[in-house]
>>> print(open('target.txt').read())   # compact mmCIF, C-alpha atoms
# COMPACT_ATOMS: atom_id res chain seq x y z
CA MET N 1 106.04 61.78 -48.51
CA ARG N 2 103.73 60.23 -51.14
CA ASP N 3 106.75 59.81 -53.45
CA VAL N 4 108.74 58.15 -50.67
CA ALA N 5 105.82 55.85 -49.85
CA ALA N 6 105.39 54.85 -53.52
CA GLN N 7 109.09 54.06 -53.97
CA ALA N 8 109.25 52.06 -50.72
CA GLY N 9 105.97 50.28 -51.41
CA VAL N 10 104.38 51.37 -48.12
CA SER N 11 101.65 53.75 -46.97
CA VAL N 12 102.18 57.45 -46.26
CA ALA N 13 101.32 56.69 -42.62
CA THR N 14 104.24 54.24 -42.43
CA VAL N 15 106.63 56.88 -43.81
CA SER N 16 105.35 59.32 -41.18
CA ARG N 17 105.93 56.77 -38.41
CA VAL N 18 109.50 56.14 -39.56
CA LEU N 19 110.24 59.86 -39.62
CA ALA N 20 108.62 60.55 -36.24
CA GLU N 21 110.10 57.46 -34.58
CA ASN N 22 107.01 57.32 -32.40
CA TYR N 23 105.48 53.97 -33.49
CA PRO N 24 106.92 50.48 -34.02
CA VAL N 25 107.84 49.68 -37.65
CA ALA N 26 109.28 46.34 -38.84
CA PRO N 27 113.05 46.64 -39.37
CA ALA N 28 112.90 45.57 -43.03
CA THR N 29 110.11 48.08 -43.75
CA ARG N 30 112.02 50.81 -41.94
CA GLN N 31 115.13 50.13 -44.05
CA ARG N 32 113.10 50.36 -47.31
CA VAL N 33 111.67 53.71 -46.24
CA LEU N 34 115.07 55.10 -45.24
CA ARG N 35 116.56 53.91 -48.54
CA ALA N 36 113.79 55.68 -50.46
CA ILE N 37 114.36 58.86 -48.42
CA ARG N 38 118.07 58.80 -49.34
CA ASP N 39 117.41 58.02 -53.01
CA LEU N 40 114.84 60.83 -53.35
CA ASP N 41 116.84 63.27 -51.16
CA TYR N 42 113.69 63.86 -49.13
CA VAL N 43 113.73 66.63 -46.50
CA ALA N 44 110.95 66.86 -43.93
CA ASN N 45 108.99 70.11 -43.57
CA ALA N 46 110.21 71.39 -40.21
CA HIS N 47 107.26 73.76 -39.72
CA ALA N 48 104.73 71.04 -40.38
CA ARG N 49 106.55 68.69 -38.03
CA ALA N 50 106.62 71.35 -35.32
CA LEU N 51 102.88 71.91 -35.67
CA ALA N 52 102.37 68.18 -35.39
CA GLY N 53 104.41 68.11 -32.19
CA VAL N 54 107.35 66.14 -33.60
CA GLY N 55 110.84 67.01 -34.77
CA THR N 56 113.79 68.63 -33.03
CA GLU N 57 112.81 70.93 -30.18
CA THR N 58 114.33 74.41 -30.17
CA VAL N 59 115.87 76.50 -27.41
CA ALA N 60 116.14 80.21 -28.22
CA PHE N 61 118.95 82.35 -26.80
CA VAL N 62 117.95 86.02 -27.07
CA VAL N 63 120.57 88.74 -26.59
CA GLU N 64 120.81 92.45 -27.32
CA ASP N 65 124.12 92.22 -29.20
CA VAL N 66 125.94 89.02 -30.15
CA ARG N 67 129.29 90.85 -30.28
CA GLY N 68 129.63 91.08 -26.50
CA PRO N 69 132.36 88.61 -25.38
CA SER N 70 130.55 87.64 -22.17
CA PHE N 71 127.33 86.97 -24.10
CA ALA N 72 129.28 84.83 -26.56
CA HIS N 73 130.47 82.60 -23.69
CA ALA N 74 126.93 82.34 -22.32
CA ALA N 75 125.69 81.42 -25.81
CA HIS N 76 128.36 78.71 -26.00
CA GLY N 77 127.08 77.25 -22.74
CA VAL N 78 123.51 77.24 -24.05
CA GLU N 79 124.60 75.57 -27.28
CA GLN N 80 126.60 72.90 -25.43
CA GLU N 81 123.70 71.92 -23.20
CA THR N 82 121.07 71.99 -25.95
CA ALA N 83 123.27 69.81 -28.18
CA ARG N 84 123.87 67.37 -25.31
CA ARG N 85 120.12 67.04 -24.94
CA GLY N 86 119.48 66.65 -28.67
CA ARG N 87 117.89 70.06 -29.09
CA LEU N 88 118.55 72.85 -31.56
CA CYS N 89 119.90 76.21 -30.34
CA LEU N 90 118.83 79.42 -32.07
CA VAL N 91 120.65 82.69 -31.29
CA CYS N 92 118.59 85.85 -31.80
CA ALA N 93 119.80 89.47 -31.49
CA THR N 94 117.33 92.23 -30.63
CA GLY N 95 119.53 95.33 -30.84
CA GLY N 96 117.81 96.46 -27.63
CA ASP N 97 114.47 96.85 -29.46
CA PRO N 98 111.52 95.66 -27.27
CA ARG N 99 109.43 95.12 -30.42
CA ARG N 100 112.04 92.75 -31.83
CA GLU N 101 112.18 90.96 -28.49
CA LEU N 102 108.39 90.54 -28.55
CA ALA N 103 108.51 89.23 -32.13
CA VAL N 104 111.10 86.61 -31.18
CA VAL N 105 109.08 85.45 -28.18
CA LYS N 106 105.91 85.17 -30.27
CA LEU N 107 107.72 83.21 -32.98
CA MET N 108 109.24 80.82 -30.45
CA ARG N 109 105.83 80.32 -28.84
CA GLU N 110 104.32 79.47 -32.22
CA GLN N 111 107.14 77.00 -32.88
CA ARG N 112 106.74 75.41 -29.45
CA ALA N 113 110.29 76.11 -28.34
CA GLY N 114 111.39 74.25 -25.24
CA ALA N 115 112.68 77.47 -23.67
CA VAL N 116 113.31 81.13 -24.49
CA ILE N 117 116.39 82.48 -22.69
CA LEU N 118 116.71 86.26 -22.36
CA VAL N 119 120.21 87.25 -21.27
CA GLY N 120 121.89 90.43 -20.01
CA GLY N 121 121.17 93.21 -17.54
CA ILE N 122 118.26 95.55 -18.10
CA GLU N 123 116.59 98.69 -16.76
CA ASP N 124 114.32 97.26 -14.08
CA SER N 125 111.10 99.26 -14.45
CA PRO N 126 107.34 98.58 -14.10
CA THR N 127 107.10 98.55 -17.90
CA TYR N 128 109.84 95.93 -18.18
CA ARG N 129 108.29 93.76 -15.46
CA ALA N 130 104.84 93.91 -17.07
CA ARG N 131 106.30 92.92 -20.45
CA MET N 132 108.29 90.02 -18.99
CA ALA N 133 105.28 88.76 -17.01
CA GLU N 134 103.25 88.75 -20.22
CA PHE N 135 106.03 86.84 -22.02
CA ALA N 136 106.24 84.30 -19.19
CA GLN N 137 102.50 83.66 -19.09
CA SER N 138 102.28 83.39 -22.87
CA LEU N 139 105.12 80.87 -23.09
CA GLU N 140 103.83 78.89 -20.12
CA SER N 141 100.43 78.49 -21.77
CA ALA N 142 102.15 77.03 -24.84
CA GLY N 143 104.19 74.54 -22.82
CA SER N 144 107.41 76.56 -23.12
CA ARG N 145 109.44 78.39 -20.48
CA LEU N 146 110.85 81.89 -20.12
CA VAL N 147 114.35 81.97 -18.63
CA LEU N 148 115.88 85.20 -17.33
CA CYS N 149 119.64 84.81 -17.47
CA GLY N 150 121.70 87.40 -15.58
CA ARG N 151 118.51 89.29 -14.75
CA PRO N 152 116.65 89.70 -11.43
CA PRO N 153 113.54 87.62 -10.62
CA LEU N 154 110.07 89.02 -11.32
CA GLY N 155 108.22 87.54 -8.34
CA GLU N 156 106.86 84.18 -7.23
CA ASP N 157 103.63 84.56 -9.22
CA VAL N 158 105.48 84.84 -12.56
CA PRO N 159 106.21 81.46 -14.24
CA ALA N 160 109.84 82.13 -15.18
CA THR N 161 113.17 80.46 -14.47
CA VAL N 162 115.94 82.76 -13.18
CA VAL N 163 119.68 82.08 -13.37
CA GLU N 164 121.81 84.86 -11.87
CA TYR N 165 125.39 85.31 -10.73
CA ASP N 166 126.62 87.09 -7.61
CA ASN N 167 127.18 90.47 -9.22
CA GLU N 168 127.26 92.50 -6.01
CA GLY N 169 129.42 89.97 -4.18
CA GLY N 170 131.99 89.96 -6.96
CA ALA N 171 132.22 93.75 -6.92
CA TYR N 172 132.51 93.73 -3.13
CA GLY N 173 135.43 91.32 -3.32
CA LEU N 174 137.16 93.29 -6.05
CA SER N 175 136.85 96.66 -4.28
CA SER N 176 137.94 95.05 -1.01
CA HIS N 177 141.08 93.86 -2.81
CA LEU N 178 141.84 97.44 -3.89
CA LEU N 179 141.08 98.85 -0.44
CA SER N 180 143.26 96.23 1.24
CA ALA N 181 146.10 97.38 -1.03
CA GLY N 182 145.72 100.88 0.40
CA HIS N 183 143.64 102.54 -2.34
CA ARG N 184 141.12 105.11 -1.09
CA ARG N 185 140.40 107.12 -4.26
CA ILE N 186 138.91 104.59 -6.69
CA LEU N 187 137.36 105.77 -9.95
CA PHE N 188 134.31 103.62 -10.78
CA LEU N 189 133.49 103.38 -14.50
CA GLY N 190 130.01 101.87 -14.73
CA GLY N 191 127.38 101.46 -17.40
CA LEU N 192 124.01 103.20 -17.38
CA ALA N 193 123.03 104.15 -13.83
CA THR N 194 119.60 102.49 -14.21
CA HIS N 195 121.07 99.24 -15.55
CA THR N 196 120.75 96.28 -13.16
CA THR N 197 124.32 95.14 -13.85
CA THR N 198 125.74 98.57 -13.02
CA ALA N 199 123.52 98.90 -9.95
CA GLY N 200 124.70 95.55 -8.57
CA ARG N 201 128.38 96.28 -9.11
CA LEU N 202 128.13 99.78 -7.66
CA ALA N 203 126.25 98.43 -4.63
CA GLY N 204 129.06 95.94 -3.97
CA HIS N 205 131.69 98.66 -4.43
CA ASN N 206 129.94 101.04 -2.01
CA ARG N 207 129.45 98.29 0.57
CA ALA N 208 133.19 97.55 0.47
CA LEU N 209 133.98 101.25 0.93
CA ALA N 210 131.69 101.42 3.96
CA ASP N 211 133.17 98.27 5.53
CA HIS N 212 136.67 99.77 5.17
CA GLY N 213 135.60 103.11 6.65
CA VAL N 214 135.92 105.03 3.39
CA GLU N 215 133.23 107.56 2.48
CA ALA N 216 131.79 107.10 -1.01
CA ASP N 217 132.52 110.08 -3.26
CA PRO N 218 129.89 110.63 -6.02
CA ALA N 219 132.53 112.52 -8.03
CA LEU N 220 134.41 109.23 -8.47
CA VAL N 221 131.46 107.46 -10.11
CA GLU N 222 131.06 107.69 -13.88
CA ASN N 223 128.24 106.25 -15.97
CA GLY N 224 128.32 105.46 -19.67
CA ASP N 225 128.22 102.12 -21.46
CA PHE N 226 130.13 98.88 -21.18
CA THR N 227 132.40 99.44 -24.19
CA ARG N 228 136.11 99.79 -24.78
CA ALA N 229 135.53 103.17 -26.43
CA TYR N 230 133.79 104.50 -23.33
CA GLY N 231 136.57 103.26 -21.05
CA TYR N 232 139.19 104.97 -23.21
CA ARG N 233 137.29 108.25 -23.63
CA ARG N 234 136.25 108.74 -20.02
CA THR N 235 139.63 107.75 -18.55
CA ARG N 236 141.41 110.13 -20.92
CA GLU N 237 139.08 112.96 -19.85
CA ARG N 238 139.59 112.24 -16.16
CA ILE N 239 143.38 112.16 -16.53
CA ALA N 240 143.31 115.43 -18.48
CA ALA N 241 141.29 117.03 -15.66
CA GLY N 242 143.87 115.92 -13.09
CA VAL N 243 144.50 112.48 -11.64
CA ASP N 244 142.61 112.52 -8.33
CA PHE N 245 142.44 108.73 -8.05
CA THR N 246 144.94 105.91 -7.54
CA ALA N 247 142.87 103.07 -9.01
CA VAL N 248 140.19 102.45 -11.63
CA PHE N 249 137.37 99.96 -11.15
CA ALA N 250 136.21 99.32 -14.73
CA GLY N 251 132.68 97.92 -15.01
CA THR N 252 133.79 95.27 -17.52
CA ASP N 253 137.06 93.94 -18.91
CA MET N 254 136.31 95.73 -22.20
CA VAL N 255 135.99 99.04 -20.34
CA ALA N 256 139.26 98.21 -18.57
CA ALA N 257 141.00 97.64 -21.92
CA GLY N 258 139.95 101.13 -23.02
CA ALA N 259 141.08 102.63 -19.72
CA LEU N 260 144.47 100.93 -20.03
CA GLU N 261 144.93 102.42 -23.47
CA ALA N 262 144.15 105.92 -22.17
CA ILE N 263 146.48 105.55 -19.17
CA THR N 264 149.34 104.33 -21.36
CA GLU N 265 148.74 107.08 -23.92
CA ALA N 266 149.04 109.66 -21.13
CA GLY N 267 152.53 108.40 -20.31
CA LEU N 268 151.40 106.65 -17.12
CA ARG N 269 151.82 103.01 -16.19
CA VAL N 270 149.60 100.31 -14.75
CA PRO N 271 149.99 99.49 -11.91
CA ASP N 272 152.95 101.74 -10.99
CA ASP N 273 150.99 104.98 -11.39
CA ILE N 274 147.36 103.80 -11.50
CA SER N 275 145.99 100.40 -10.53
CA LEU N 276 143.28 98.93 -12.75
CA VAL N 277 140.69 96.17 -12.34
CA GLY N 278 137.91 94.84 -14.54
CA PHE N 279 134.93 92.50 -14.36
CA ASP N 280 133.92 89.33 -16.31
CA ASP N 281 137.28 87.54 -16.77
CA ILE N 282 136.94 87.17 -20.51
CA PRO N 283 140.08 85.85 -22.32
CA LEU N 284 141.13 89.44 -23.08
CA ALA N 285 141.84 89.99 -19.37
CA SER N 286 144.85 87.67 -19.39
CA ASP N 287 146.04 88.93 -22.78
CA LEU N 288 146.50 92.55 -21.66
CA THR N 289 149.85 93.87 -20.43
CA PRO N 290 149.88 93.83 -17.49
CA LYS N 291 147.47 90.93 -17.02
CA LEU N 292 144.22 92.25 -15.56
CA THR N 293 142.93 91.58 -12.07
CA THR N 294 139.21 91.00 -12.47
CA VAL N 295 136.11 89.10 -11.30
CA HIS N 296 135.43 85.73 -12.85
CA VAL N 297 131.81 85.30 -13.95
CA PRO N 298 130.91 81.71 -14.98
CA TYR N 299 129.15 82.72 -18.19
CA GLU N 300 129.29 79.29 -19.84
CA GLU N 301 127.81 77.64 -16.76
CA LEU N 302 125.19 80.41 -16.71
CA GLY N 303 124.09 79.32 -20.19
CA ARG N 304 124.20 75.61 -19.39
CA ALA N 305 122.24 76.08 -16.18
CA ALA N 306 119.57 78.13 -17.98
CA VAL N 307 118.89 75.24 -20.36
CA ARG N 308 119.21 72.57 -17.68
CA LEU N 309 116.73 74.13 -15.24
CA ALA N 310 114.11 74.94 -17.88
CA LEU N 311 114.19 71.55 -19.62
CA ASP N 312 114.48 69.52 -16.42
CA ARG N 313 111.35 71.21 -15.16
CA ARG N 314 109.42 70.23 -18.28
CA GLU N 315 110.77 66.69 -18.36
CA ARG N 316 109.95 66.10 -14.70
CA GLY N 317 106.48 67.59 -15.00
CA GLY N 318 106.15 70.95 -13.32
CA ASP N 319 107.88 72.89 -10.59
CA ARG N 320 109.58 70.05 -8.74
CA THR N 321 113.01 71.44 -9.62
CA GLU N 322 114.55 74.65 -8.24
CA GLN N 323 113.88 77.49 -10.67
CA HIS N 324 116.03 80.26 -9.17
CA LEU N 325 119.79 79.72 -9.16
CA VAL N 326 122.54 82.14 -8.16
CA LEU N 327 126.06 81.21 -9.33
CA GLY N 328 129.13 82.33 -7.43
CA THR N 329 131.82 84.75 -8.64
CA HIS N 330 135.39 85.24 -7.43
CA VAL N 331 138.29 87.67 -7.77
CA VAL N 332 141.15 86.62 -10.05
CA VAL N 333 144.33 88.38 -8.90
CA ARG N 334 146.86 89.08 -11.65
CA GLN N 335 149.31 91.96 -12.18
CA SER N 336 147.34 95.22 -12.49
CA VAL N 337 147.07 96.27 -8.82
CA ARG N 338 149.86 97.87 -6.80
CA ASN N 339 149.99 97.97 -3.03
CA VAL N 340 150.14 101.67 -2.08
CA ARG N 341 150.32 101.19 1.68
CA ARG N 342 153.44 102.68 3.25
CA GLY N 343 156.22 100.20 2.91
CA GLY N 344 154.18 98.08 0.44
>>> encode(input="target.txt", output="structure tokens")
Amino acid sequence: MRDVAAQAGVSVATVSRVLAENYPVAPATRQRVLRAIRDLDYVANAHARALAGVGTETVAFVVEDVRGPSFAHAAHGVEQETARRGRLCLVCATGGDPRRELAVVKLMREQRAGAVILVGGIEDSPTYRARMAEFAQSLESAGSRLVLCGRPPLGEDVPATVVEYDNEGGAYGLSSHLLSAGHRRILFLGGLATHTTTAGRLAGHNRALADHGVEADPALVENGDFTRAYGYRRTRERIAAGVDFTAVFAGTDMVAAGALEAITEAGLRVPDDISLVGFDDIPLASDLTPKLTTVHVPYEELGRAAVRLALDRRERGGDRTEQHLVLGTHVVVRQSVRNVRRGG
């Protein structure tokens, strides 16, 4: 900055004011400073500017694995909204390691991030809630905001923004669609049983069974992970043991893609022999053959809303904006479900 000031013939303080854009500077003086900055190829120290409370504010998007298609769409929504507001979006992957998650939160607190968005279902335990409450309080004290995206709220006393989607309602609608088509033996391929995403989707599925007078059969519920490999492996094993189901409710579209591969490999057809549905409505769903009936989750809007709620709260000074939002989901009917009712 001293070099810039010397070349422009101004004080270091004037250079600082031009860079920060927080104090009036005569137009001619401003132009001399900017010309000197270009000539010297000067780059401001971002860390120093952050400590001084100036510079581009950051919004951190924290996810377990960036390779998940649904997370990628949520990240796109976050990036769109942060860019629209003139902020910088940072995407951080934790690999499911709580220590890495803690390190990211601490770093973002030190850098005075506008918001830290944690996305994706979790195992809802006392340990998790205590850790999140600590994160929320720590960020709040630094003028930042914790946003739980696709996760349940922690309680009114925890200063966190929550943006969810109707997970259970989507599953209820999807299972009702299968039941209305005459299916009574529906294989449910979920993720980990303790995972909030799995729990919500299974709750919706079981509620639909009950409303249609069908008794839930624990033998038709499988738990694993939300991957294509799991969908393929478990469906292949169930077919090999004897097909005692007419439809598969895959916990995600990726699981459904694996299940479709296993069904086809066994010489069976979707939906003629086995109906198949997924969840998420990622682009893959409409690329499969047949096109997959699934639940649309507004992941991009989830990301945009997470940024919007957190930053609006800060800009309007406190809790005058709603900080818990639940987005709707809906069933997208395509070609992967067959009506098995008599005469259908």
>>> closest_residue(input="target.txt", among="N:Pro218, N:Gly224, N:Gly169, N:Gly213", to="Ala193 of chain N", atoms="only C-alpha atoms")
N:Gly224
>>> residues_around(input="target.txt", residues="segment 4-14 of chain N", least_positions_apart="3", cutoff="8 Å", atoms="all atoms listed in the file", output="list of chain:residue names")
N:Met1, N:Arg17, N:Val18, N:Val25, N:Thr29, N:Arg32, N:Val33, N:Arg35, N:Ala36, N:Ile37, N:Leu40, N:Tyr42
>>> closest_residue(input="target.txt", among="N:Leu202, N:Ala83, N:Leu178, N:Ile117", to="Val62 of chain N", atoms="all atoms listed in the file")
N:Ile117
>>> residues_around(input="target.txt", residues="Asp65 of chain N", least_positions_apart="5", cutoff="9 Å", atoms="only C-alpha atoms", output="VMD selection string")
chain N and resid 71 92 to 96
>>> write_last_selection(input="target.txt", atoms="C-alpha atoms", output="mmCIF file, in the coordinates of the input")
data_model
loop_
_atom_site.group_PDB
_atom_site.id
_atom_site.type_symbol
_atom_site.label_atom_id
_atom_site.label_comp_id
_atom_site.auth_asym_id
_atom_site.auth_seq_id
_atom_site.Cartn_x
_atom_site.Cartn_y
_atom_site.Cartn_z
ATOM 1 C CA PHE N 71 127.330 86.970 -24.100
ATOM 2 C CA CYS N 92 118.590 85.850 -31.800
ATOM 3 C CA ALA N 93 119.800 89.470 -31.490
ATOM 4 C CA THR N 94 117.330 92.230 -30.630
ATOM 5 C CA GLY N 95 119.530 95.330 -30.840
ATOM 6 C CA GLY N 96 117.810 96.460 -27.630
#
>>> atom_distance(input="target.txt", atom1="atom CA of Glu168 of chain N", atom2="atom CA of Arg207 of chain N")
9.0 Å
>>> closest_residue(input="target.txt", among="N:Leu327, N:Val104, N:Leu268, N:Gln137", to="Glu300 of chain N", atoms="all atoms listed in the file")
N:Leu327
>>> residues_around(input="target.txt", residues="His177 of chain N", least_positions_apart="3", cutoff="10 Å", atoms="all atoms listed in the file", output="list in words")
Ala171, Tyr172, Gly173, Leu174, Ser180, Ala181, Gly182, His183, Ala208, Val277, Thr293, Val331, Val333, Val337 and Asn339 of chain N
>>> residues_around(input="target.txt", residues="Gly303 of chain N", least_positions_apart="4", cutoff="7 Å", atoms="all atoms listed in the file", output="compact mmCIF listing (two decimals) with C-alpha atoms, keeping the file's coordinate frame")
# COMPACT_ATOMS: atom_id res chain seq x y z
CA ALA N 74 126.93 82.34 -22.32
CA ALA N 75 125.69 81.42 -25.81
CA GLY N 77 127.08 77.25 -22.74
CA VAL N 78 123.51 77.24 -24.05
CA TYR N 299 129.15 82.72 -18.19
CA VAL N 307 118.89 75.24 -20.36
>>> atom_distance(input="target.txt", atom1="atom CA of Val326 of chain N", atom2="atom CA of Asp166 of chain N")
6.4 Å
>>> closest_residue(input="target.txt", among="N:Tyr128, N:Tyr230, N:Phe249, N:Phe61", to="Ser175 of chain N", atoms="all atoms listed in the file")
N:Phe249
>>> residues_around(input="target.txt", residues="segment 108-115 of chain N", least_positions_apart="4", cutoff="12 Å", atoms="only C-alpha atoms", output="PyMOL selection string")
chain N and resi 46-62+78+82+85-92+101-104+135-149+160-161+306-315
>>> atom_distance(input="target.txt", atom1="atom CA of Asp272 of chain N", atom2="atom CA of Gly258 of chain N")
17.7 Å
>>> closest_residue(input="target.txt", among="N:Asp211, N:Arg233, N:Ile122, N:Val255", to="Phe188 of chain N", atoms="all atoms listed in the file")
N:Val255
>>> residues_near_point(input="target.txt", point="(136.0, 88.6, -13.3)", cutoff="8 Å", atoms="only C-alpha atoms", output="number ranges by chain")
N: 170, 253, 278-282, 293-297, 329-332
>>> closest_residue(input="target.txt", among="N:His76, N:Gly328, N:Val63, N:Pro69", to="Asp97 of chain N", atoms="all atoms listed in the file")
N:Val63
>>> residues_near_point(input="target.txt", point="(117.9, 81.0, -7.4)", cutoff="9 Å", atoms="all atoms listed in the file", output="NGL selection string")
:N and (153 or 161-164 or 322-327)
>>> decode(input="target.txt", residues="segment 148-233 of chain N", atoms="C-alpha atoms", output="PDB file, in the first residue's frame")
ATOM      1  CA  LEU N 148     -29.057 -26.213   9.287  1.00  0.00           C
ATOM      2  CA  CYS N 149     -30.120 -27.176   5.779  1.00  0.00           C
ATOM      3  CA  GLY N 150     -32.157 -30.381   5.429  1.00  0.00           C
ATOM      4  CA  ARG N 151     -31.708 -31.039   9.148  1.00  0.00           C
ATOM      5  CA  PRO N 152     -34.222 -30.846  12.025  1.00  0.00           C
ATOM      6  CA  PRO N 153     -34.346 -27.819  14.370  1.00  0.00           C
ATOM      7  CA  LEU N 154     -32.438 -27.876  17.663  1.00  0.00           C
ATOM      8  CA  GLY N 155     -34.902 -25.922  19.812  1.00  0.00           C
ATOM      9  CA  GLU N 156     -36.012 -22.328  20.282  1.00  0.00           C
ATOM     10  CA  ASP N 157     -33.112 -21.484  22.607  1.00  0.00           C
ATOM     11  CA  VAL N 158     -30.475 -22.311  19.955  1.00  0.00           C
ATOM     12  CA  PRO N 159     -29.594 -19.371  17.643  1.00  0.00           C
ATOM     13  CA  ALA N 160     -29.705 -21.251  14.342  1.00  0.00           C
ATOM     14  CA  THR N 161     -31.612 -20.893  11.085  1.00  0.00           C
ATOM     15  CA  VAL N 162     -33.340 -24.057   9.813  1.00  0.00           C
ATOM     16  CA  VAL N 163     -34.380 -24.752   6.215  1.00  0.00           C
ATOM     17  CA  GLU N 164     -36.039 -28.143   5.734  1.00  0.00           C
ATOM     18  CA  TYR N 165     -38.137 -29.865   3.092  1.00  0.00           C
ATOM     19  CA  ASP N 166     -41.196 -32.049   3.624  1.00  0.00           C
ATOM     20  CA  ASN N 167     -39.369 -35.361   3.692  1.00  0.00           C
ATOM     21  CA  GLU N 168     -42.131 -37.369   5.352  1.00  0.00           C
ATOM     22  CA  GLY N 169     -44.867 -35.823   3.220  1.00  0.00           C
ATOM     23  CA  GLY N 170     -43.019 -36.653   0.021  1.00  0.00           C
ATOM     24  CA  ALA N 171     -42.595 -40.274   1.071  1.00  0.00           C
ATOM     25  CA  TYR N 172     -46.256 -40.464   2.065  1.00  0.00           C
ATOM     26  CA  GLY N 173     -47.301 -39.242  -1.375  1.00  0.00           C
ATOM     27  CA  LEU N 174     -44.970 -41.625  -3.167  1.00  0.00           C
ATOM     28  CA  SER N 175     -46.067 -44.705  -1.208  1.00  0.00           C
ATOM     29  CA  SER N 176     -49.705 -43.680  -1.609  1.00  0.00           C
ATOM     30  CA  HIS N 177     -49.121 -43.633  -5.371  1.00  0.00           C
ATOM     31  CA  LEU N 178     -47.829 -47.220  -5.238  1.00  0.00           C
ATOM     32  CA  LEU N 179     -50.651 -48.357  -2.958  1.00  0.00           C
ATOM     33  CA  SER N 180     -53.268 -46.729  -5.188  1.00  0.00           C
ATOM     34  CA  ALA N 181     -51.814 -48.746  -8.077  1.00  0.00           C
ATOM     35  CA  GLY N 182     -52.555 -51.926  -6.128  1.00  0.00           C
ATOM     36  CA  HIS N 183     -49.115 -52.668  -4.651  1.00  0.00           C
ATOM     37  CA  ARG N 184     -49.163 -54.208  -1.167  1.00  0.00           C
ATOM     38  CA  ARG N 185     -45.681 -55.747  -0.927  1.00  0.00           C
ATOM     39  CA  ILE N 186     -43.296 -52.784  -1.236  1.00  0.00           C
ATOM     40  CA  LEU N 187     -39.584 -53.251  -0.564  1.00  0.00           C
ATOM     41  CA  PHE N 188     -38.187 -50.142   1.160  1.00  0.00           C
ATOM     42  CA  LEU N 189     -34.470 -49.527   0.571  1.00  0.00           C
ATOM     43  CA  GLY N 190     -33.412 -46.874   3.082  1.00  0.00           C
ATOM     44  CA  GLY N 191     -30.160 -45.487   4.387  1.00  0.00           C
ATOM     45  CA  LEU N 192     -28.922 -45.920   7.951  1.00  0.00           C
ATOM     46  CA  ALA N 193     -31.843 -46.547  10.302  1.00  0.00           C
ATOM     47  CA  THR N 194     -30.682 -43.772  12.675  1.00  0.00           C
ATOM     48  CA  HIS N 195     -30.314 -41.223   9.865  1.00  0.00           C
ATOM     49  CA  THR N 196     -32.893 -38.404   9.973  1.00  0.00           C
ATOM     50  CA  THR N 197     -33.478 -38.584   6.209  1.00  0.00           C
ATOM     51  CA  THR N 198     -34.204 -42.319   6.350  1.00  0.00           C
ATOM     52  CA  ALA N 199     -36.388 -41.918   9.438  1.00  0.00           C
ATOM     53  CA  GLY N 200     -38.517 -39.244   7.763  1.00  0.00           C
ATOM     54  CA  ARG N 201     -39.019 -41.217   4.562  1.00  0.00           C
ATOM     55  CA  LEU N 202     -39.815 -44.442   6.409  1.00  0.00           C
ATOM     56  CA  ALA N 203     -42.291 -42.597   8.634  1.00  0.00           C
ATOM     57  CA  GLY N 204     -44.109 -41.284   5.557  1.00  0.00           C
ATOM     58  CA  HIS N 205     -44.088 -44.745   3.971  1.00  0.00           C
ATOM     59  CA  ASN N 206     -45.508 -46.406   7.093  1.00  0.00           C
ATOM     60  CA  ARG N 207     -48.180 -43.737   7.484  1.00  0.00           C
ATOM     61  CA  ALA N 208     -49.312 -44.370   3.898  1.00  0.00           C
ATOM     62  CA  LEU N 209     -49.465 -48.124   4.560  1.00  0.00           C
ATOM     63  CA  ALA N 210     -51.604 -47.546   7.649  1.00  0.00           C
ATOM     64  CA  ASP N 211     -53.975 -45.167   5.832  1.00  0.00           C
ATOM     65  CA  HIS N 212     -54.481 -47.803   3.109  1.00  0.00           C
ATOM     66  CA  GLY N 213     -55.088 -50.584   5.639  1.00  0.00           C
ATOM     67  CA  VAL N 214     -51.835 -52.406   4.898  1.00  0.00           C
ATOM     68  CA  GLU N 215     -49.812 -53.789   7.795  1.00  0.00           C
ATOM     69  CA  ALA N 216     -46.146 -52.753   7.766  1.00  0.00           C
ATOM     70  CA  ASP N 217     -43.824 -55.745   7.350  1.00  0.00           C
ATOM     71  CA  PRO N 218     -40.360 -55.248   8.939  1.00  0.00           C
ATOM     72  CA  ALA N 219     -38.991 -57.896   6.557  1.00  0.00           C
ATOM     73  CA  LEU N 220     -39.605 -55.481   3.672  1.00  0.00           C
ATOM     74  CA  VAL N 221     -37.421 -52.729   5.163  1.00  0.00           C
ATOM     75  CA  GLU N 222     -33.715 -52.710   4.337  1.00  0.00           C
ATOM     76  CA  ASN N 223     -31.092 -50.308   5.667  1.00  0.00           C
ATOM     77  CA  GLY N 224     -27.739 -49.498   4.113  1.00  0.00           C
ATOM     78  CA  ASP N 225     -26.496 -46.294   2.525  1.00  0.00           C
ATOM     79  CA  PHE N 226     -27.790 -43.948  -0.143  1.00  0.00           C
ATOM     80  CA  THR N 227     -25.552 -45.194  -2.960  1.00  0.00           C
ATOM     81  CA  ARG N 228     -26.071 -46.830  -6.326  1.00  0.00           C
ATOM     82  CA  ALA N 229     -23.859 -49.739  -5.260  1.00  0.00           C
ATOM     83  CA  TYR N 230     -26.075 -50.447  -2.255  1.00  0.00           C
ATOM     84  CA  GLY N 231     -29.233 -50.328  -4.368  1.00  0.00           C
ATOM     85  CA  TYR N 232     -27.745 -52.802  -6.836  1.00  0.00           C
ATOM     86  CA  ARG N 233     -26.312 -55.180  -4.234  1.00  0.00           C
TER      87      ARG N 233
END
